[in-house]
There are 2 protein chains.
Amino acid sequence: MYRNKLLFKITDSFVTGVMTMQNFEYYTPTKIVFGKQTEQQVGELIKEQGCQKVLIHYGGNSAKASGLLDRVKASLDNAGIAYTELGGVVANPLLSLVYQGIELCKKEQVDFILAVGGGSVIDSAKAIAYGVAEPDKDVWELYDRKRQATACLPVATILTLAAAGSEMSESSVITKEEGDIKRGYSNNLSRPVFSILNPELTMTLPKYQTASGNVDILMHTMERYFTPHDTMEITDGIAESLLKTVMKNAQILAKDPQNYEARAEIMWSGSLSHNGLTNCGGGNGDWATHMLEHELSGMFGVTHGAGLAAVWGHWARYVYQALLPRFERFALRVMGVAPAENAEQTALKGIEAMENFFRSIDMPTNLSELGVNATAEQIAEMAKKCAIASKGCIGAAKPLYEQDMAAIYTAAQNA
Amino acid sequence: MYRNKLLFKITDSFVTGVMTMQNFEYYTPTKIVFGKQTEQQVGELIKEQGCQKVLIHYGGNSAKASGLLDRVKASLDNAGIAYTELGGVVANPLLSLVYQGIELCKKEQVDFILAVGGGSVIDSAKAIAYGVAEPDKDVWELYDRKRQATACLPVATILTLAAAGSEMSESSVITKEEGDIKRGYSNNLSRPVFSILNPELTMTLPKYQTASGNVDILMHTMERYFTPHDTMEITDGIAESLLKTVMKNAQILAKDPQNYEARAEIMWSGSLSHNGLTNCGGGNGDWATHMLEHELSGMFGVTHGAGLAAVWGHWARYVYQALLPRFERFALRVMGVAPAENAEQTALKGIEAMENFFRSIDMPTNLSELGVNATAEQIAEMAKKCAIASKGCIGAAKPLYEQDMAAIYTAAQNA
């Protein structure tokens, strides 16, 4: 009976096309240069931009040790482009290094920033770019929601980790050491002018980082998918293709990290998952899981993607009844579960299937597995900080207030 | 037996992910402003671009009669933007009007072109924009493949017909009256800076134009889908979602032309089908059907999309054996046919299913239904012109020479 109803309902909404949808803007000016050895084009690509001096911004030693940094410098030398450099970006990039980068750029008259690394490096580069373009203002005011940016230096990227999607997105996340405050800021001005995506550069990434990146990519689509608005079929179709492609290739990489094709599918899916394509017509998405995770990694320094995996299922079980048809569709279309007794059971099976997927790539599904043992006080503090950062409320699937945030953290800790 | 083999094969290629893929560039700088009443933003959007004077370029009387042109002018007036105007673009836009537009822009010192219309108007605007930016050179040299453009005025669009995808693409097609020569030219310089997509503006479009547009949209994905290269799963997934969404909503519009949601799905799918998203990793696509149709509409003035529908099946039956796994996948994944006795039969059933779809929206599947009765001499002339335009050979699925082109036209005429 329920199965018949379900079939009718889905078929019906597909045939009649009856739904309302949101107006939207879609803006992805970043030129993508994708494939093997593409980093060799960086000098020529920057030359086209007509800048005076470049800051090469990067993280730890891996960019040096792998020879990537030398290849980048050789390409810039060949194109006759002057540069200076600043390394040292850490996961959850720090405001102090951003300030240091801004001072360096002012001193060296840098007018173009090249990020060589993953999302942290790119985010740090975006923050420096904002800071240099408005030299008399404090860049933290942007992240602290005190003002909007009116200018930004051009940023380009050579991506070495598929995860954050920052290589094509308008967003960046910075952590202020004082008070461990992690905040995001979004503005189209910071979308990179070009991004070089060579999947070969991600081949040697450790298994845990790879899997965490893959969860982050999935979550960028899922945060947009679980929207209370009616959506566009084409957007849903693209989102579901992205989720299925990423899950399949994440499992391939869990066994065969050197698989170029799987690295490529993940890398391109990572950019498409966070460039705005997957919320066309469906509003702005939910983002509660991201907000909850920000406080977790702010307090415990956990890897972002792993933190998302540890929290998501507990968020989902807390809110799914408020968005039942959507969770049901997710279960059937994305996770491929068979319809259960009723919509609620189907939805729950879909949540469970996603958690099983996380386990299959050795990702945590609760805080203990994440290595976090938060006390009741720490949970209360995270919830309080999250509420302050969001001016009281997060989420769109179901609005969540401070006590809801604490309840989800508690469920994730006790699971 | 065949079914089991088939199932194994598909599953296998999905599980192992073994495939090679092409490097690619993806560049879609056009800002999309999508939804109801969005044309009212045009003044502010142009103001952001900081130009001196705008050419409003349009087609026949419908833009005037509908009041759209007045609303556009009011928006420009409100934003304090000076403009001049040039109407008269016809389907298969003519070089003579392009020259006229170039002269007008020089005289009036126009530095920004706003196309209000469908693909023909946008293509004409792009050609004018090339011509004004390089005032000492003949713009036809670009379309005649004599040189590459080095500059182009900024172009923006308000789209009134979902079909050509020109609102987000780098391509344009112009017809030179002398000799009825229809030629395309592609260059990233001509990608619009912004495009306003309001599905309401397409609601009153006649049924035949609507259906032709829908075929054109499908063909932009299909030309890329039938590639001899291995492809990316995510690109295939997006392409298949686009094809299924467009077919479903085209059938809705055939019965209910005023359906806003179906108009919206089609309009956004039209842009995504031709902005480069659907050939990421798979090479440049086939494009033989488009080349064959160009000569048809050059000689007989038929509507582009209807011409594509009339030719496609005959092209497909001529080449499918050279690309059997791809046609088989198309049959199973896109057209949803049940596997037949063998791959060949499955592929043929897929081609037939697409022709049945064309019939379901009253589109022709041969030249007679298109209203064309070409003599043997006319067929020979079209094949000759097509061969000259393509320097001898078209297609990637299977290279087609002059005698192949004639054979496909003949099959389409005799069917």
# chains A, B, ... in the order shown; residues from 1 in each chain; ligands from 1
$ residues_around --residues "A:Gly184" --least-positions-apart "3" --cutoff "7 Å" --atoms "only C-alpha atoms" --output "ChimeraX atom specification"
/A:143,171-174
$ calpha_fit_rmsd --fixed "chain B" --moving "chain A"
0.0 Å
$ interface_residues --of "chain B" --to "chain A" --cutoff "9 Å" --atoms "only C-alpha atoms" --output "PyMOL selection string"
chain B and resi 14-36+38+194+232-242+244-246+248-249+252+259-262+264-266+268-269+280-281
$ write_last_selection --atoms "N, CA and C atoms" --output "short mmCIF file (atom, residue, chain, number, x, y, z; two decimals), in the first residue's frame"
data_model
loop_
_atom_site.label_atom_id
_atom_site.label_comp_id
_atom_site.auth_asym_id
_atom_site.auth_seq_id
_atom_site.Cartn_x
_atom_site.Cartn_y
_atom_site.Cartn_z
N PHE B 14 31.54 0.46 -13.94
CA PHE B 14 31.23 1.39 -12.86
C PHE B 14 32.04 1.09 -11.62
N VAL B 15 32.26 -0.18 -11.37
CA VAL B 15 32.96 -0.52 -10.13
C VAL B 15 34.45 -0.26 -10.25
N THR B 16 35.04 -0.64 -11.40
CA THR B 16 36.49 -0.49 -11.51
C THR B 16 36.88 0.93 -11.86
N GLY B 17 35.99 1.66 -12.51
CA GLY B 17 36.34 3.02 -12.91
C GLY B 17 37.48 3.07 -13.91
N VAL B 18 37.77 1.99 -14.61
CA VAL B 18 38.87 1.97 -15.55
C VAL B 18 38.47 2.69 -16.83
N MET B 19 39.06 3.82 -17.09
CA MET B 19 38.79 4.56 -18.30
C MET B 19 39.88 5.63 -18.42
N THR B 20 40.13 6.08 -19.61
CA THR B 20 41.00 7.24 -19.73
C THR B 20 40.14 8.43 -20.04
N MET B 21 40.62 9.61 -19.74
CA MET B 21 39.81 10.80 -19.99
C MET B 21 40.70 11.92 -20.50
N GLN B 22 40.05 12.89 -21.13
CA GLN B 22 40.76 14.00 -21.75
C GLN B 22 40.97 15.14 -20.74
N ASN B 23 42.11 15.82 -20.83
CA ASN B 23 42.25 17.10 -20.13
C ASN B 23 41.18 18.05 -20.68
N PHE B 24 40.77 19.01 -19.88
CA PHE B 24 39.78 19.96 -20.41
C PHE B 24 39.89 21.32 -19.73
N GLU B 25 39.32 22.32 -20.41
CA GLU B 25 39.12 23.62 -19.79
C GLU B 25 37.62 23.86 -19.66
N TYR B 26 37.23 24.51 -18.58
CA TYR B 26 35.82 24.85 -18.37
C TYR B 26 35.78 26.31 -17.95
N TYR B 27 35.06 27.10 -18.71
CA TYR B 27 35.08 28.55 -18.46
C TYR B 27 33.70 29.12 -18.77
N THR B 28 32.96 29.46 -17.74
CA THR B 28 31.61 30.02 -17.91
C THR B 28 31.45 31.27 -17.05
N PRO B 29 32.05 32.36 -17.52
CA PRO B 29 32.04 33.58 -16.69
C PRO B 29 30.69 34.27 -16.61
N THR B 30 29.74 33.88 -17.45
CA THR B 30 28.45 34.58 -17.52
C THR B 30 27.68 34.50 -16.20
N LYS B 31 27.33 35.66 -15.66
CA LYS B 31 26.49 35.68 -14.46
C LYS B 31 25.04 35.46 -14.89
N ILE B 32 24.40 34.45 -14.31
CA ILE B 32 23.00 34.16 -14.63
C ILE B 32 22.10 34.77 -13.56
N VAL B 33 21.11 35.52 -14.01
CA VAL B 33 20.10 36.05 -13.09
C VAL B 33 18.77 35.44 -13.54
N PHE B 34 18.28 34.49 -12.75
CA PHE B 34 17.22 33.59 -13.20
C PHE B 34 15.94 33.77 -12.39
N GLY B 35 14.81 33.89 -13.09
CA GLY B 35 13.53 33.84 -12.40
C GLY B 35 12.58 34.94 -12.82
N LYS B 36 11.47 34.98 -12.12
CA LYS B 36 10.39 35.90 -12.46
C LYS B 36 10.82 37.36 -12.33
N THR B 38 13.01 39.16 -13.53
CA THR B 38 14.43 39.51 -13.39
C THR B 38 14.88 40.54 -14.42
N PHE B 194 26.61 38.92 -18.57
CA PHE B 194 25.50 38.41 -17.77
C PHE B 194 24.35 38.04 -18.70
N MET B 232 33.87 11.11 -18.46
CA MET B 232 33.81 11.09 -17.00
C MET B 232 32.40 10.70 -16.58
N GLU B 233 32.33 9.90 -15.53
CA GLU B 233 31.02 9.48 -15.02
C GLU B 233 30.18 10.66 -14.60
N ILE B 234 30.82 11.66 -13.97
CA ILE B 234 30.02 12.79 -13.49
C ILE B 234 29.47 13.58 -14.67
N THR B 235 30.25 13.68 -15.74
CA THR B 235 29.77 14.38 -16.93
C THR B 235 28.64 13.59 -17.58
N ASP B 236 28.80 12.29 -17.68
CA ASP B 236 27.72 11.45 -18.23
C ASP B 236 26.45 11.56 -17.38
N GLY B 237 26.63 11.56 -16.06
CA GLY B 237 25.47 11.65 -15.17
C GLY B 237 24.72 12.96 -15.36
N ILE B 238 25.46 14.05 -15.48
CA ILE B 238 24.84 15.36 -15.70
C ILE B 238 24.16 15.39 -17.06
N ALA B 239 24.84 14.87 -18.09
CA ALA B 239 24.27 14.86 -19.44
C ALA B 239 22.96 14.06 -19.46
N GLU B 240 22.97 12.91 -18.82
CA GLU B 240 21.76 12.07 -18.82
C GLU B 240 20.62 12.73 -18.05
N SER B 241 20.95 13.40 -16.95
CA SER B 241 19.92 14.17 -16.22
C SER B 241 19.34 15.26 -17.10
N LEU B 242 20.20 15.96 -17.83
CA LEU B 242 19.74 17.03 -18.71
C LEU B 242 18.80 16.48 -19.77
N LYS B 244 17.01 13.73 -19.84
CA LYS B 244 15.74 13.25 -19.31
C LYS B 244 14.85 14.41 -18.85
N THR B 245 15.45 15.40 -18.22
CA THR B 245 14.68 16.57 -17.77
C THR B 245 14.07 17.31 -18.97
N VAL B 246 14.87 17.50 -20.01
CA VAL B 246 14.37 18.25 -21.17
C VAL B 246 13.26 17.46 -21.87
N LYS B 248 11.20 15.22 -20.64
CA LYS B 248 9.98 15.23 -19.84
C LYS B 248 9.26 16.57 -19.89
N ASN B 249 10.00 17.64 -19.74
CA ASN B 249 9.36 18.96 -19.70
C ASN B 249 8.94 19.43 -21.09
N ILE B 252 5.56 18.06 -21.38
CA ILE B 252 4.62 18.88 -20.60
C ILE B 252 4.23 20.12 -21.38
N ASN B 259 3.05 26.42 -18.60
CA ASN B 259 3.55 25.85 -17.34
C ASN B 259 4.89 26.49 -16.98
N TYR B 260 4.88 27.35 -15.95
CA TYR B 260 6.09 28.09 -15.58
C TYR B 260 7.24 27.16 -15.20
N GLU B 261 6.94 26.15 -14.37
CA GLU B 261 8.00 25.28 -13.90
C GLU B 261 8.66 24.53 -15.06
N ALA B 262 7.86 24.05 -16.00
CA ALA B 262 8.43 23.35 -17.16
C ALA B 262 9.25 24.32 -18.01
N ALA B 264 10.82 26.86 -16.90
CA ALA B 264 12.04 27.12 -16.13
C ALA B 264 13.04 25.97 -16.26
N GLU B 265 12.55 24.73 -16.15
CA GLU B 265 13.43 23.57 -16.29
C GLU B 265 14.11 23.58 -17.66
N ILE B 266 13.32 23.88 -18.69
CA ILE B 266 13.85 23.90 -20.05
C ILE B 266 14.86 25.04 -20.22
N TRP B 268 16.76 26.71 -18.02
CA TRP B 268 18.04 26.51 -17.33
C TRP B 268 18.81 25.33 -17.95
N SER B 269 18.08 24.29 -18.32
CA SER B 269 18.73 23.15 -19.00
C SER B 269 19.35 23.60 -20.31
N CYS B 280 33.00 17.97 -20.32
CA CYS B 280 34.19 17.96 -19.48
C CYS B 280 34.78 16.55 -19.44
N GLY B 281 35.98 16.39 -19.93
CA GLY B 281 36.66 15.10 -19.90
C GLY B 281 36.42 14.23 -21.11
#
$ residues_around --residues "A:Ala115" --least-positions-apart "3" --cutoff "7 Å" --atoms "only C-alpha atoms" --output "count of residues only"
9
$ residues_around --residues "stretch 127-142 of chain B" --least-positions-apart "5" --cutoff "9 Å" --atoms "only C-alpha atoms" --output "number ranges by chain"
B: 95, 97-103, 105-106, 110-113, 122, 147-155, 172-174, 176, 184-186, 189-190
$ write_last_selection --atoms "N, CA, C and O atoms" --output "compact mmCIF listing (two decimals), in the first residue's frame"
# COMPACT_ATOMS: atom_id res chain seq x y z
N LEU B 95 24.50 38.57 -42.09
CA LEU B 95 25.72 39.36 -42.04
C LEU B 95 25.45 40.84 -42.34
O LEU B 95 26.09 41.72 -41.75
N LEU B 97 22.97 42.74 -41.56
CA LEU B 97 22.53 43.48 -40.37
C LEU B 97 23.69 43.64 -39.37
O LEU B 97 23.78 44.64 -38.66
N VAL B 98 24.54 42.64 -39.34
CA VAL B 98 25.73 42.73 -38.47
C VAL B 98 26.58 43.93 -38.89
O VAL B 98 26.99 44.74 -38.05
N TYR B 99 26.83 44.06 -40.19
CA TYR B 99 27.61 45.21 -40.68
C TYR B 99 26.92 46.52 -40.31
O TYR B 99 27.56 47.48 -39.89
N GLN B 100 25.58 46.53 -40.48
CA GLN B 100 24.81 47.73 -40.15
C GLN B 100 24.98 48.08 -38.65
O GLN B 100 25.17 49.24 -38.29
N GLY B 101 24.91 47.05 -37.82
CA GLY B 101 25.08 47.25 -36.38
C GLY B 101 26.47 47.77 -36.03
O GLY B 101 26.62 48.64 -35.16
N ILE B 102 27.47 47.27 -36.71
CA ILE B 102 28.85 47.72 -36.45
C ILE B 102 28.98 49.21 -36.78
O ILE B 102 29.55 49.98 -35.99
N GLU B 103 28.43 49.61 -37.92
CA GLU B 103 28.51 51.02 -38.30
C GLU B 103 27.78 51.90 -37.29
O GLU B 103 28.28 52.96 -36.90
N CYS B 105 27.21 51.31 -34.15
CA CYS B 105 27.96 51.35 -32.88
C CYS B 105 29.16 52.30 -32.98
O CYS B 105 29.49 53.02 -32.04
N LYS B 106 29.83 52.28 -34.14
CA LYS B 106 30.97 53.18 -34.31
C LYS B 106 30.50 54.63 -34.24
O LYS B 106 31.09 55.45 -33.55
N VAL B 110 29.11 53.23 -29.13
CA VAL B 110 28.57 52.19 -28.25
C VAL B 110 29.71 51.32 -27.72
O VAL B 110 30.63 50.97 -28.47
N ASP B 111 29.68 51.01 -26.42
CA ASP B 111 30.71 50.13 -25.85
C ASP B 111 30.12 48.94 -25.09
O ASP B 111 30.81 48.27 -24.33
N PHE B 112 28.82 48.69 -25.27
CA PHE B 112 28.19 47.54 -24.58
C PHE B 112 26.97 47.13 -25.39
O PHE B 112 26.18 47.99 -25.80
N ILE B 113 26.81 45.83 -25.63
CA ILE B 113 25.69 45.38 -26.45
C ILE B 113 24.75 44.50 -25.63
O ILE B 113 25.18 43.52 -25.01
N ILE B 122 21.17 37.04 -30.10
CA ILE B 122 22.42 37.00 -29.33
C ILE B 122 23.60 36.76 -30.26
O ILE B 122 24.66 37.40 -30.13
N ARG B 147 40.90 34.12 -39.56
CA ARG B 147 41.71 34.63 -38.44
C ARG B 147 40.96 34.40 -37.13
O ARG B 147 39.80 33.97 -37.14
N GLN B 148 41.64 34.67 -36.00
CA GLN B 148 41.01 34.59 -34.68
C GLN B 148 40.75 35.99 -34.14
O GLN B 148 41.53 36.91 -34.42
N ALA B 149 39.69 36.14 -33.37
CA ALA B 149 39.41 37.42 -32.74
C ALA B 149 40.41 37.67 -31.61
O ALA B 149 40.84 36.74 -30.92
N THR B 150 40.78 38.94 -31.43
CA THR B 150 41.64 39.30 -30.29
C THR B 150 40.91 40.23 -29.32
O THR B 150 41.44 40.55 -28.26
N ALA B 151 39.69 40.66 -29.68
CA ALA B 151 38.92 41.52 -28.80
C ALA B 151 37.44 41.39 -29.13
O ALA B 151 37.07 40.94 -30.22
N CYS B 152 36.60 41.81 -28.18
CA CYS B 152 35.15 41.73 -28.36
C CYS B 152 34.51 42.66 -27.34
O CYS B 152 34.91 42.66 -26.16
N LEU B 153 33.56 43.48 -27.75
CA LEU B 153 32.83 44.31 -26.78
C LEU B 153 32.08 43.40 -25.81
O LEU B 153 31.69 42.29 -26.18
N PRO B 154 31.83 43.88 -24.59
CA PRO B 154 30.98 43.08 -23.69
C PRO B 154 29.55 42.96 -24.22
O PRO B 154 28.97 43.94 -24.70
N VAL B 155 29.02 41.74 -24.13
CA VAL B 155 27.65 41.44 -24.56
C VAL B 155 26.88 40.94 -23.34
O VAL B 155 27.42 40.18 -22.54
N SER B 172 28.64 31.51 -31.93
CA SER B 172 27.61 32.25 -32.66
C SER B 172 27.63 31.77 -34.10
O SER B 172 28.65 31.28 -34.59
N VAL B 173 26.48 31.90 -34.77
CA VAL B 173 26.34 31.43 -36.14
C VAL B 173 25.73 32.56 -36.97
O VAL B 173 24.71 33.13 -36.59
N ILE B 174 26.37 32.89 -38.07
CA ILE B 174 25.92 34.00 -38.93
C ILE B 174 25.77 33.48 -40.37
O ILE B 174 26.53 32.61 -40.80
N LYS B 176 25.82 34.51 -44.35
CA LYS B 176 26.17 35.49 -45.38
C LYS B 176 25.22 35.29 -46.54
O LYS B 176 25.15 34.19 -47.10
N GLY B 184 29.64 29.12 -38.24
CA GLY B 184 29.77 29.36 -36.81
C GLY B 184 31.18 29.79 -36.43
O GLY B 184 32.14 29.44 -37.12
N TYR B 185 31.27 30.54 -35.34
CA TYR B 185 32.59 30.90 -34.80
C TYR B 185 32.52 30.84 -33.28
O TYR B 185 31.54 31.29 -32.67
N SER B 186 33.56 30.28 -32.68
CA SER B 186 33.58 30.13 -31.22
C SER B 186 34.81 30.79 -30.63
O SER B 186 35.93 30.57 -31.10
N LEU B 189 35.96 35.04 -25.79
CA LEU B 189 35.79 36.49 -25.67
C LEU B 189 34.32 36.90 -25.78
O LEU B 189 33.93 37.94 -25.26
N SER B 190 33.53 36.08 -26.49
CA SER B 190 32.14 36.48 -26.73
C SER B 190 31.16 35.93 -25.71
O SER B 190 29.95 36.12 -25.84
$ atom_distance --atom1 "atom CA of B:Leu86" --atom2 "atom CA of B:Leu159"
16.4 Å
$ select_by_dssp --residues "stretch 114-353 of chain A" --states "strand (DSSP E or B)" --output "list in words"
Leu114, Ala115, Val116, Gly117, Val155, Ala156, Thr157, Ile158, Leu159, Ser171, Ser172, Val173, Ile174, Thr175, Lys176, Ile181, Lys182, Arg183, Gly184, Tyr185, Ser186, Phe194, Ser195, Ile196 and Leu197 of chain A
$ residues_around --residues "A:Gly60" --least-positions-apart "4" --cutoff "12 Å" --atoms "only C-alpha atoms" --output "VMD selection string"
chain A and resid 64 to 66 69 86 to 91 93 116 to 118 120 to 121
$ select_by_dssp --residues "stretch 11-256 of chain A" --states "alpha helix (DSSP H)" --output "JSON, numbers by chain"
{"A": [11, 12, 13, 14, 15, 16, 42, 43, 44, 45, 46, 47, 48, 49, 62, 63, 64, 65, 68, 69, 70, 71, 72, 73, 74, 75, 76, 77, 78, 95, 96, 97, 98, 99, 100, 101, 102, 103, 104, 105, 106, 107, 108, 119, 120, 121, 122, 123, 124, 125, 126, 127, 128, 129, 130, 131, 132, 133, 140, 141, 142, 143, 207, 208, 209, 210, 211, 212, 213, 214, 215, 216, 217, 218, 219, 220, 221, 222, 223, 224, 225, 233, 234, 235, 236, 237, 238, 239, 240, 241, 242, 243, 244, 245, 246, 247, 248, 249, 250, 251, 252, 253, 254, 255]}
$ residues_around --residues "stretch 340-351 of chain B" --least-positions-apart "2" --cutoff "12 Å" --atoms "only C-alpha atoms" --output "PyMOL selection string"
chain B and resi 1-7+9+222+309+311-338+353-358+365
$ residues_around --residues "A:Asn373" --least-positions-apart "3" --cutoff "12 Å" --atoms "only C-alpha atoms" --output "ChimeraX atom specification"
/A:296,299-300,302,366-370,376-379,409-410,412-415
$ atom_distance --atom1 "atom CA of A:Pro399" --atom2 "atom CA of A:Gly305"
22.8 Å
